[in-house]
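*Asks:* Contents of target_20.csv (CSV, C-alpha atoms):
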```
chain,number,residue,atom,x,y,z
A,110,MET,CA,-6.9,10.6,-18.7
A,111,LEU,CA,-10.6,11.1,-18.2
A,112,SER,CA,-12.8,8.6,-20.0
A,113,ARG,CA,-16.0,9.9,-21.5
A,114,GLN,CA,-17.8,6.7,-21.0
A,115,VAL,CA,-19.8,6.6,-17.7
A,116,ILE,CA,-18.9,3.4,-15.8
A,117,ASN,CA,-21.7,1.9,-13.8
A,118,LEU,CA,-20.7,0.7,-10.3
A,119,ASN,CA,-22.9,-1.1,-7.8
A,120,LYS,CA,-22.5,-2.8,-4.4
A,121,ASP,CA,-21.3,-6.0,-6.0
A,122,HIS,CA,-18.2,-4.2,-7.3
A,123,ILE,CA,-17.1,-3.0,-3.9
A,124,LEU,CA,-13.7,-4.1,-2.7
A,125,GLY,CA,-13.6,-2.0,0.4
A,126,VAL,CA,-14.9,1.1,2.1
A,127,GLY,CA,-12.5,3.4,4.0
A,128,TYR,CA,-12.7,6.6,5.9
A,129,HIS,CA,-12.4,8.7,2.7
A,130,LYS,CA,-13.4,6.6,-0.2
A,131,THR,CA,-15.0,3.5,-1.6
A,132,THR,CA,-12.9,1.2,-3.8
A,133,TYR,CA,-14.6,-0.8,-6.6
A,134,ILE,CA,-13.3,-3.5,-8.9
A,135,HIS,CA,-13.4,-2.2,-12.4
A,136,PRO,CA,-16.4,-3.8,-14.0
A,137,HIS,CA,-14.7,-4.0,-17.4
A,138,ASN,CA,-11.2,-5.0,-16.3
A,139,SER,CA,-10.6,-7.1,-13.2
A,140,SER,CA,-7.0,-6.1,-13.0
A,141,LEU,CA,-8.0,-2.5,-12.2
A,142,CYS,CA,-9.9,-0.9,-9.4
A,143,ILE,CA,-11.7,2.5,-9.2
A,144,LYS,CA,-11.4,4.6,-6.0
A,145,VAL,CA,-14.3,7.0,-5.6
A,146,PRO,CA,-13.7,9.6,-2.8
A,147,PHE,CA,-16.7,10.7,-0.7
A,148,PHE,CA,-15.7,14.3,-1.4
A,149,GLN,CA,-14.0,15.3,-4.6
A,150,ASN,CA,-11.4,17.6,-2.9
A,151,ASP,CA,-10.2,14.6,-0.8
A,152,ILE,CA,-6.9,15.8,0.6
A,153,ASP,CA,-5.4,12.4,1.0
A,154,LEU,CA,-6.0,11.5,-2.7
A,155,LYS,CA,-4.8,14.9,-3.9
A,156,ARG,CA,-1.6,14.5,-1.8
A,157,GLU,CA,-1.0,11.1,-3.3
A,158,LEU,CA,-1.6,12.3,-6.9
A,159,SER,CA,0.7,15.3,-6.3
A,160,TYR,CA,3.4,13.0,-5.1
A,161,ARG,CA,3.0,10.6,-8.0
A,162,LYS,CA,3.3,13.6,-10.4
A,163,VAL,CA,6.6,14.6,-8.8
A,164,ARG,CA,7.9,11.0,-9.1
A,165,GLU,CA,6.9,10.8,-12.7
A,166,LYS,CA,8.7,14.0,-13.5
A,167,ARG,CA,11.8,12.7,-11.8
A,168,GLY,CA,11.5,9.5,-13.8
A,169,GLN,CA,11.0,7.3,-10.7
A,170,ASP,CA,9.2,4.0,-11.2
A,171,SER,CA,7.9,1.8,-8.4
A,172,LEU,CA,7.3,-1.8,-7.7
A,173,LEU,CA,5.7,-1.1,-4.4
A,174,LEU,CA,3.0,1.4,-5.4
A,175,PRO,CA,0.0,0.3,-7.5
A,176,ALA,CA,0.1,1.8,-11.0
A,177,TYR,CA,-2.2,4.8,-11.6
A,178,TYR,CA,-4.1,5.1,-14.9
A,179,GLY,CA,-6.0,8.4,-14.5
A,180,THR,CA,-9.6,9.3,-13.9
A,181,ALA,CA,-12.9,7.9,-15.1
A,182,LEU,CA,-16.5,9.0,-14.9
A,183,THR,CA,-18.8,6.7,-12.9
A,184,ASN,CA,-22.4,6.8,-11.7
A,185,LYS,CA,-20.9,7.3,-8.2
A,186,GLY,CA,-18.9,10.4,-9.2
A,187,LEU,CA,-15.4,11.0,-10.5
A,188,GLY,CA,-13.3,7.9,-10.0
A,189,TYR,CA,-9.5,7.3,-10.0
A,190,VAL,CA,-8.3,4.2,-11.7
A,191,PHE,CA,-5.5,2.1,-10.2
A,192,GLU,CA,-3.9,-1.3,-10.5
A,193,ARG,CA,-5.9,-3.7,-8.5
A,194,ILE,CA,-3.6,-5.6,-6.1
A,195,HIS,CA,-4.7,-9.2,-6.4
A,196,ASP,CA,-3.2,-12.7,-6.1
A,197,TYR,CA,-2.0,-14.8,-9.0
A,198,ASN,CA,-5.3,-16.7,-8.9
A,199,GLY,CA,-7.4,-13.6,-9.1
A,200,LYS,CA,-8.4,-13.4,-5.4
A,201,ASN,CA,-8.3,-10.1,-3.6
A,202,SER,CA,-5.0,-9.7,-1.8
A,203,LEU,CA,-5.1,-9.4,2.0
A,204,SER,CA,-3.9,-6.4,4.0
A,205,LEU,CA,-0.9,-7.2,6.1
A,206,LYS,CA,-3.1,-6.9,9.2
A,207,GLU,CA,-5.6,-9.4,7.7
A,208,PHE,CA,-2.7,-11.7,6.6
A,209,LEU,CA,-1.1,-11.9,10.1
A,210,LYS,CA,-4.5,-12.5,11.6
A,211,LEU,CA,-5.3,-15.3,9.2
A,212,TYR,CA,-2.0,-17.0,9.7
A,213,GLN,CA,-1.7,-16.2,13.4
A,214,LYS,CA,-1.5,-19.9,14.3
A,215,GLU,CA,1.4,-20.3,12.0
A,216,CYS,CA,3.5,-17.6,13.8
A,217,GLY,CA,5.1,-20.4,15.8
A,218,ASN,CA,6.1,-22.3,12.7
A,219,PRO,CA,9.8,-21.6,11.9
A,220,ALA,CA,9.1,-21.9,8.2
A,221,PHE,CA,6.4,-19.2,8.4
A,222,ILE,CA,8.6,-16.9,10.5
A,223,ASP,CA,11.4,-17.3,8.0
A,224,MET,CA,9.0,-16.5,5.1
A,225,LEU,CA,7.7,-13.5,7.0
A,226,ARG,CA,11.2,-12.3,7.7
A,227,LYS,CA,12.1,-12.6,4.0
A,228,MET,CA,8.9,-10.7,3.0
A,229,LEU,CA,9.8,-7.8,5.4
A,230,ALA,CA,13.4,-7.8,4.3
A,231,ASN,CA,12.3,-7.5,0.7
A,232,LEU,CA,9.9,-4.7,1.6
A,233,LYS,CA,12.6,-2.8,3.4
A,234,GLN,CA,15.1,-3.1,0.5
A,235,THR,CA,12.5,-2.0,-2.1
A,236,TRP,CA,11.1,0.8,0.1
A,237,PHE,CA,14.4,2.3,0.8
A,238,ALA,CA,15.6,1.8,-2.8
A,239,GLU,CA,12.5,3.5,-4.2
A,240,LYS,CA,12.5,6.1,-1.5
A,241,ILE,CA,8.7,6.0,-1.1
A,242,VAL,CA,7.3,8.7,1.1
A,243,THR,CA,4.2,7.7,3.3
A,244,SER,CA,2.2,9.5,5.9
A,245,ASP,CA,1.3,6.4,8.0
A,246,THR,CA,2.5,3.0,8.9
A,247,ASP,CA,-0.7,1.2,9.7
A,248,PRO,CA,-0.5,-2.4,8.4
A,249,VAL,CA,-4.0,-2.0,6.8
A,250,ASN,CA,-2.3,0.3,4.2
A,251,PHE,CA,0.0,-2.6,3.1
A,252,MET,CA,-1.2,-5.5,1.0
A,253,VAL,CA,0.3,-9.0,0.8
A,254,GLN,CA,0.2,-10.1,-2.8
A,255,GLU,CA,0.6,-13.8,-3.5
A,256,THR,CA,2.4,-13.7,-6.9
A,257,ALA,CA,2.7,-17.5,-7.2
A,258,PRO,CA,1.8,-20.4,-4.8
A,259,ALA,CA,3.4,-19.5,-1.4
A,260,GLN,CA,5.3,-16.6,-3.0
A,261,TYR,CA,4.5,-13.2,-1.4
A,262,VAL,CA,5.4,-9.6,-1.8
A,263,ILE,CA,4.2,-6.6,0.2
A,264,ARG,CA,2.8,-3.5,-1.6
A,265,ILE,CA,2.0,-0.1,-0.3
A,266,VAL,CA,-1.5,1.0,-1.3
A,267,ASP,CA,-2.6,3.9,0.9
A,268,ASN,CA,-1.5,7.0,2.8
A,269,ILE,CA,1.1,7.8,0.1
A,270,GLY,CA,2.8,11.1,0.3
A,271,THR,CA,3.1,13.6,3.2
A,272,PRO,CA,0.8,16.2,4.7
A,273,VAL,CA,3.6,18.7,5.3
A,274,LEU,CA,3.1,22.1,3.6
A,275,ILE,CA,6.4,22.0,1.8
A,276,PRO,CA,7.1,18.3,1.0
A,277,LEU,CA,10.9,18.5,0.7
A,278,ALA,CA,11.1,14.7,0.9
A,279,PHE,CA,9.4,14.6,-2.6
A,280,TYR,CA,12.4,16.3,-4.1
A,281,PHE,CA,15.5,15.5,-2.0
A,282,ASP,CA,16.5,11.9,-1.6
A,283,PHE,CA,18.4,12.4,1.6
A,284,ILE,CA,15.4,13.9,3.3
A,285,ALA,CA,13.2,11.0,2.0
A,286,GLU,CA,15.7,8.5,3.3
A,287,ARG,CA,15.8,10.1,6.8
A,288,ARG,CA,12.0,10.0,6.9
A,289,ILE,CA,11.8,6.4,5.7
A,290,LYS,CA,14.2,5.3,8.5
A,291,ARG,CA,11.8,6.7,11.1
A,292,TYR,CA,8.7,5.3,9.5
A,293,TRP,CA,10.3,1.9,9.0
A,294,ALA,CA,10.9,1.7,12.8
A,295,ARG,CA,7.3,2.7,13.5
A,296,PHE,CA,6.1,0.1,11.0
A,297,LEU,CA,7.9,-2.7,12.8
A,298,LYS,CA,6.5,-1.5,16.1
A,299,SER,CA,3.0,-1.5,14.7
A,300,LEU,CA,3.5,-5.1,13.4
A,301,ASP,CA,4.8,-6.1,16.9
A,302,THR,CA,1.3,-5.4,18.3
A,303,LEU,CA,-0.3,-7.8,15.9
A,304,LEU,CA,1.8,-10.8,16.7
A,305,PRO,CA,0.7,-13.3,19.4
A,306,LEU,CA,2.2,-12.7,22.8
A,307,GLN,CA,4.1,-16.0,22.8
A,308,ILE,CA,6.0,-15.1,19.7
A,309,ASP,CA,9.4,-13.4,20.1
A,310,SER,CA,9.1,-10.5,17.7
A,311,GLN,CA,12.8,-9.9,17.9
A,312,ASP,CA,13.3,-13.3,16.2
A,313,ILE,CA,11.2,-12.2,13.3
A,314,PHE,CA,12.6,-8.6,13.1
A,315,ARG,CA,16.2,-9.7,13.6
A,316,ASP,CA,18.5,-7.7,11.3
A,317,LEU,CA,15.5,-5.7,10.0
A,318,TYR,CA,15.9,-2.5,12.0
```
Let me see the file written as structure tokens.

*Replies:*
Amino acid sequence: MLSRQVINLNKDHILGVGYHKTTYIHPHNSSLCIKVPFFQNDIDLKRELSYRKVREKRGQDSLLLPAYYGTALTNKGLGYVFERIHDYNGKNSLSLKEFLKLYQKECGNPAFIDMLRKMLANLKQTWFAEKIVTSDTDPVNFMVQETAPAQYVIRIVDNIGTPVLIPLAFYFDFIAERRIKRYWARFLKSLDTLLPLQIDSQDIFRDLY
């Protein structure tokens, strides 16, 4: 729902700048963020909102996707209000790519590998159960949220939906499942490139394909 109050955003509120939009922390509610596209007919955002509308009509909830709360007027243009993915302590969650880079030295630690394997197994189980359709598998589109000390979940935050003209995967679960299987394999391959060369990715991805 569009709020009539104009929300003033400035550079101090910026969480990130992408190819299509700038994401700001909501200045009145730190649990929310506002995405302001560079162009109002941004096709990626329209695709995501269209997909969310279909899921809502079908009564499909999601633990993976950030909640969407509607639009808001800002001094930067029309904004779209979403749940802000942040850690239990209020810090910004890291993208999966940033997380693996930050903890790269830990990739040889059996405890870390076990934790990562469990995070990915949980992601796979939830992704397939919720039948989330995505258009990309880049690790920057996945956020690692620390929900409690050393407790992590992976969330999908971008490239949600599909660019195909007739998105049958939105309406037919068996098509969505077939698509997710392909994209899951691509996702693991993209993670493989981020791991140190001395790490056996098959040890991490064991039983995940």

*Asks:* Go through A:Asn218, A:Asn201, A:Ser159, A:Gln213 one by one, measure the shortest atom-to-atom distance of each to A:Ser139 using only C-alpha atoms, and give the residue with the smallest value.

*Replies:*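 Closest residue, counting only C-alpha atoms: A:Asn201.
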
*Asks:* Taking a cut-off of 7 Å and counting all atoms listed in the file, can you build a table that, for each residue of stretch 114-220 of chain A near stretch 256-271 of chain A, reports the nearest atom pair and how far apart they are in Å (one decimal), sorted by chain then residue number, as JSON lines?

*Replies:*
```
{"residue": "A:Asp153", "atom": "CA", "partner": "A:Asn268", "partner_atom": "CA", "distance": 6.9}
{"residue": "A:Arg156", "atom": "CA", "partner": "A:Gly270", "partner_atom": "CA", "distance": 5.9}
{"residue": "A:Glu157", "atom": "CA", "partner": "A:Ile269", "partner_atom": "CA", "distance": 5.2}
{"residue": "A:Tyr160", "atom": "CA", "partner": "A:Gly270", "partner_atom": "CA", "distance": 5.8}
{"residue": "A:Leu173", "atom": "CA", "partner": "A:Arg264", "partner_atom": "CA", "distance": 4.7}
{"residue": "A:Leu174", "atom": "CA", "partner": "A:Ile265", "partner_atom": "CA", "distance": 5.4}
{"residue": "A:Pro175", "atom": "CA", "partner": "A:Val266", "partner_atom": "CA", "distance": 6.4}
{"residue": "A:Asp196", "atom": "CA", "partner": "A:Thr256", "partner_atom": "CA", "distance": 5.7}
{"residue": "A:Tyr197", "atom": "CA", "partner": "A:Thr256", "partner_atom": "CA", "distance": 5.0}
```

*Asks:* Of the candidates A:Ser299, A:Asn138, A:Gln311, A:Thr246, which shows the shortest atom-to-atom distance to A:Arg193, using all atoms listed in the file?

*Replies:*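 Of A:Ser299, A:Asn138, A:Gln311, A:Thr246, the one nearest A:Arg193, counting all atoms listed in the file, is A:Asn138.
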
*Asks:* Could you check which of A:Tyr178, A:Arg161, A:Tyr189, A:Gly125 is closest to A:Pro146, using all atoms listed in the file?

*Replies:*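 When distances to A:Pro146 are compared using all atoms listed in the file, the smallest one comes from A:Tyr189.
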
*Asks:* Give me the residues within 9 Å of stretch 278-288 of chain A as a PyMOL selection string, counting all atoms listed in the file and dropping any in the same chain fewer than 3 places off.

*Replies:* chain A and resi 160+163-164+167+237+240-243+270-271+275+291-293

*Asks:* Would you mind telling me which residue in A:Lys120, A:Lys162, A:Lys185, A:Arg226 lies nearest to A:Val145 when using only C-alpha atoms?

*Replies:*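 Smallest distance to A:Val145 is found for A:Lys185.
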
*Asks:* Which residue out of A:Leu300, A:Ile289, A:Ile313, A:Val126 has the minimum interatomic distance to A:Asp247 when only C-alpha atoms are used?

*Replies:*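 When distances to A:Asp247 are compared using only C-alpha atoms, the smallest one comes from A:Leu300.
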
*Asks:* Within 8 Å of A:His129, counting all atoms listed in the file, which residues qualify if same-chain residues fewer than 3 places away don't, as a PyMOL selection string?

*Replies:* chain A and resi 146-148+151

*Asks:* So which residues touch A:Leu141 within 12 Å, counting all atoms listed in the file, skipping near sequence neighbours fewer than 3 positions away, as a PyMOL selection string?

*Replies:* chain A and resi 122+124+132-138+144+175-179+181+188-195+199+201

*Asks:* Measure the distance from atom CA of A:Gly127 to atom CA of A:Thr180 in Å and round it to one decimal.

*Replies:*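 Spanning atom CA of A:Gly127 to atom CA of A:Thr180 is a straight-line distance of 19.1 Å.
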
*Asks:* With distances taken over all atoms listed in the file, which residue among A:Lys206, A:Leu277, A:Leu225, A:Ala230 lies nearest A:Val249?

*Replies:*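 Going through A:Lys206, A:Leu277, A:Leu225, A:Ala230 one by one, the smallest distance to A:Val249 is for A:Lys206.
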
*Asks:* Between atom CA of A:Ala220 and atom CA of A:Glu239, measure the distance and give it in Å to one decimal.

*Replies:*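 Pair atom CA of A:Ala220 / atom CA of A:Glu239 returns 28.5 Å.
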
*Asks:* Report, in Å with one decimal, the straight-line distance from atom CA of A:Met252 to atom CA of A:Lys233.

*Replies:*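 Value for the atom CA of A:Met252-atom CA of A:Lys233 distance: 14.3 Å.
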
*Asks:* Got a sec: who's within 10 Å of A:Gln114, counting all atoms listed in the file, leaving out chain neighbours fewer than 3 positions off, as a list in words?

*Replies:*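 Counting only the stated atoms, we get Leu111, Asn117, Ala181, Leu182 and Thr183 of chain A.
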
*Asks:* Any chance you could model N, CA and C atoms for stretch 159-189 of chain A and send them as a CSV table (one decimal), in the coordinates of the input?

*Replies:*
```csv
chain,number,residue,atom,x,y,z
A,159,SER,N,-0.4,14.3,-6.2
A,159,SER,CA,0.7,15.3,-6.3
A,159,SER,C,2.1,14.6,-6.2
A,160,TYR,N,2.2,13.7,-5.3
A,160,TYR,CA,3.4,13.0,-5.1
A,160,TYR,C,3.8,12.1,-6.3
A,161,ARG,N,2.8,11.4,-6.8
A,161,ARG,CA,3.0,10.6,-8.0
A,161,ARG,C,3.4,11.5,-9.2
A,162,LYS,N,2.9,12.7,-9.3
A,162,LYS,CA,3.3,13.6,-10.4
A,162,LYS,C,4.7,14.0,-10.3
A,163,VAL,N,5.2,14.2,-9.1
A,163,VAL,CA,6.6,14.6,-8.8
A,163,VAL,C,7.5,13.4,-9.2
A,164,ARG,N,7.1,12.2,-8.8
A,164,ARG,CA,7.9,11.0,-9.1
A,164,ARG,C,8.0,10.8,-10.6
A,165,GLU,N,6.9,11.0,-11.3
A,165,GLU,CA,6.9,10.8,-12.7
A,165,GLU,C,7.8,11.8,-13.4
A,166,LYS,N,7.8,13.0,-13.0
A,166,LYS,CA,8.7,14.0,-13.5
A,166,LYS,C,10.2,13.7,-13.3
A,167,ARG,N,10.4,13.1,-12.1
A,167,ARG,CA,11.8,12.7,-11.8
A,167,ARG,C,12.2,11.4,-12.4
A,168,GLY,N,11.2,10.7,-13.1
A,168,GLY,CA,11.5,9.5,-13.8
A,168,GLY,C,11.7,8.3,-12.8
A,169,GLN,N,10.9,8.4,-11.7
A,169,GLN,CA,11.0,7.3,-10.7
A,169,GLN,C,9.9,6.3,-10.8
A,170,ASP,N,10.2,5.1,-11.2
A,170,ASP,CA,9.2,4.0,-11.2
A,170,ASP,C,9.1,3.4,-9.9
A,171,SER,N,8.1,2.5,-9.7
A,171,SER,CA,7.9,1.8,-8.4
A,171,SER,C,7.3,0.4,-8.6
A,172,LEU,N,7.9,-0.5,-7.8
A,172,LEU,CA,7.3,-1.8,-7.7
A,172,LEU,C,6.4,-1.9,-6.6
A,173,LEU,N,6.6,-1.0,-5.6
A,173,LEU,CA,5.7,-1.1,-4.4
A,173,LEU,C,4.4,-0.5,-4.6
A,174,LEU,N,4.3,0.7,-5.3
A,174,LEU,CA,3.0,1.4,-5.4
A,174,LEU,C,2.2,0.8,-6.6
A,175,PRO,N,0.9,0.7,-6.4
A,175,PRO,CA,0.0,0.3,-7.5
A,175,PRO,C,0.1,1.4,-8.6
A,176,ALA,N,0.1,0.9,-9.9
A,176,ALA,CA,0.1,1.8,-11.0
A,176,ALA,C,-1.2,2.7,-11.0
A,177,TYR,N,-1.0,3.9,-11.5
A,177,TYR,CA,-2.2,4.8,-11.6
A,177,TYR,C,-2.5,5.1,-13.1
A,178,TYR,N,-3.7,5.0,-13.5
A,178,TYR,CA,-4.1,5.1,-14.9
A,178,TYR,C,-5.0,6.3,-15.2
A,179,GLY,N,-5.2,7.2,-14.2
A,179,GLY,CA,-6.0,8.4,-14.5
A,179,GLY,C,-7.4,8.3,-14.0
A,180,THR,N,-8.3,9.2,-14.4
A,180,THR,CA,-9.6,9.3,-13.9
A,180,THR,C,-10.6,8.7,-14.8
A,181,ALA,N,-11.8,8.5,-14.3
A,181,ALA,CA,-12.9,7.9,-15.1
A,181,ALA,C,-14.2,8.4,-14.5
A,182,LEU,N,-15.2,8.6,-15.4
A,182,LEU,CA,-16.5,9.0,-14.9
A,182,LEU,C,-17.3,7.8,-14.5
A,183,THR,N,-17.9,7.9,-13.3
A,183,THR,CA,-18.8,6.7,-12.9
A,183,THR,C,-20.1,7.3,-12.4
A,184,ASN,N,-21.1,6.4,-12.2
A,184,ASN,CA,-22.4,6.8,-11.7
A,184,ASN,C,-22.3,7.2,-10.2
A,185,LYS,N,-21.1,6.9,-9.6
A,185,LYS,CA,-20.9,7.3,-8.2
A,185,LYS,C,-20.2,8.6,-8.0
A,186,GLY,N,-19.8,9.2,-9.2
A,186,GLY,CA,-18.9,10.4,-9.2
A,186,GLY,C,-17.6,10.1,-9.9
A,187,LEU,N,-16.7,11.1,-9.8
A,187,LEU,CA,-15.4,11.0,-10.5
A,187,LEU,C,-14.6,9.9,-9.7
A,188,GLY,N,-14.1,9.0,-10.5
A,188,GLY,CA,-13.3,7.9,-10.0
A,188,GLY,C,-11.8,8.0,-10.4
A,189,TYR,N,-11.0,7.3,-9.7
A,189,TYR,CA,-9.5,7.3,-10.0
A,189,TYR,C,-9.1,5.8,-10.2
```
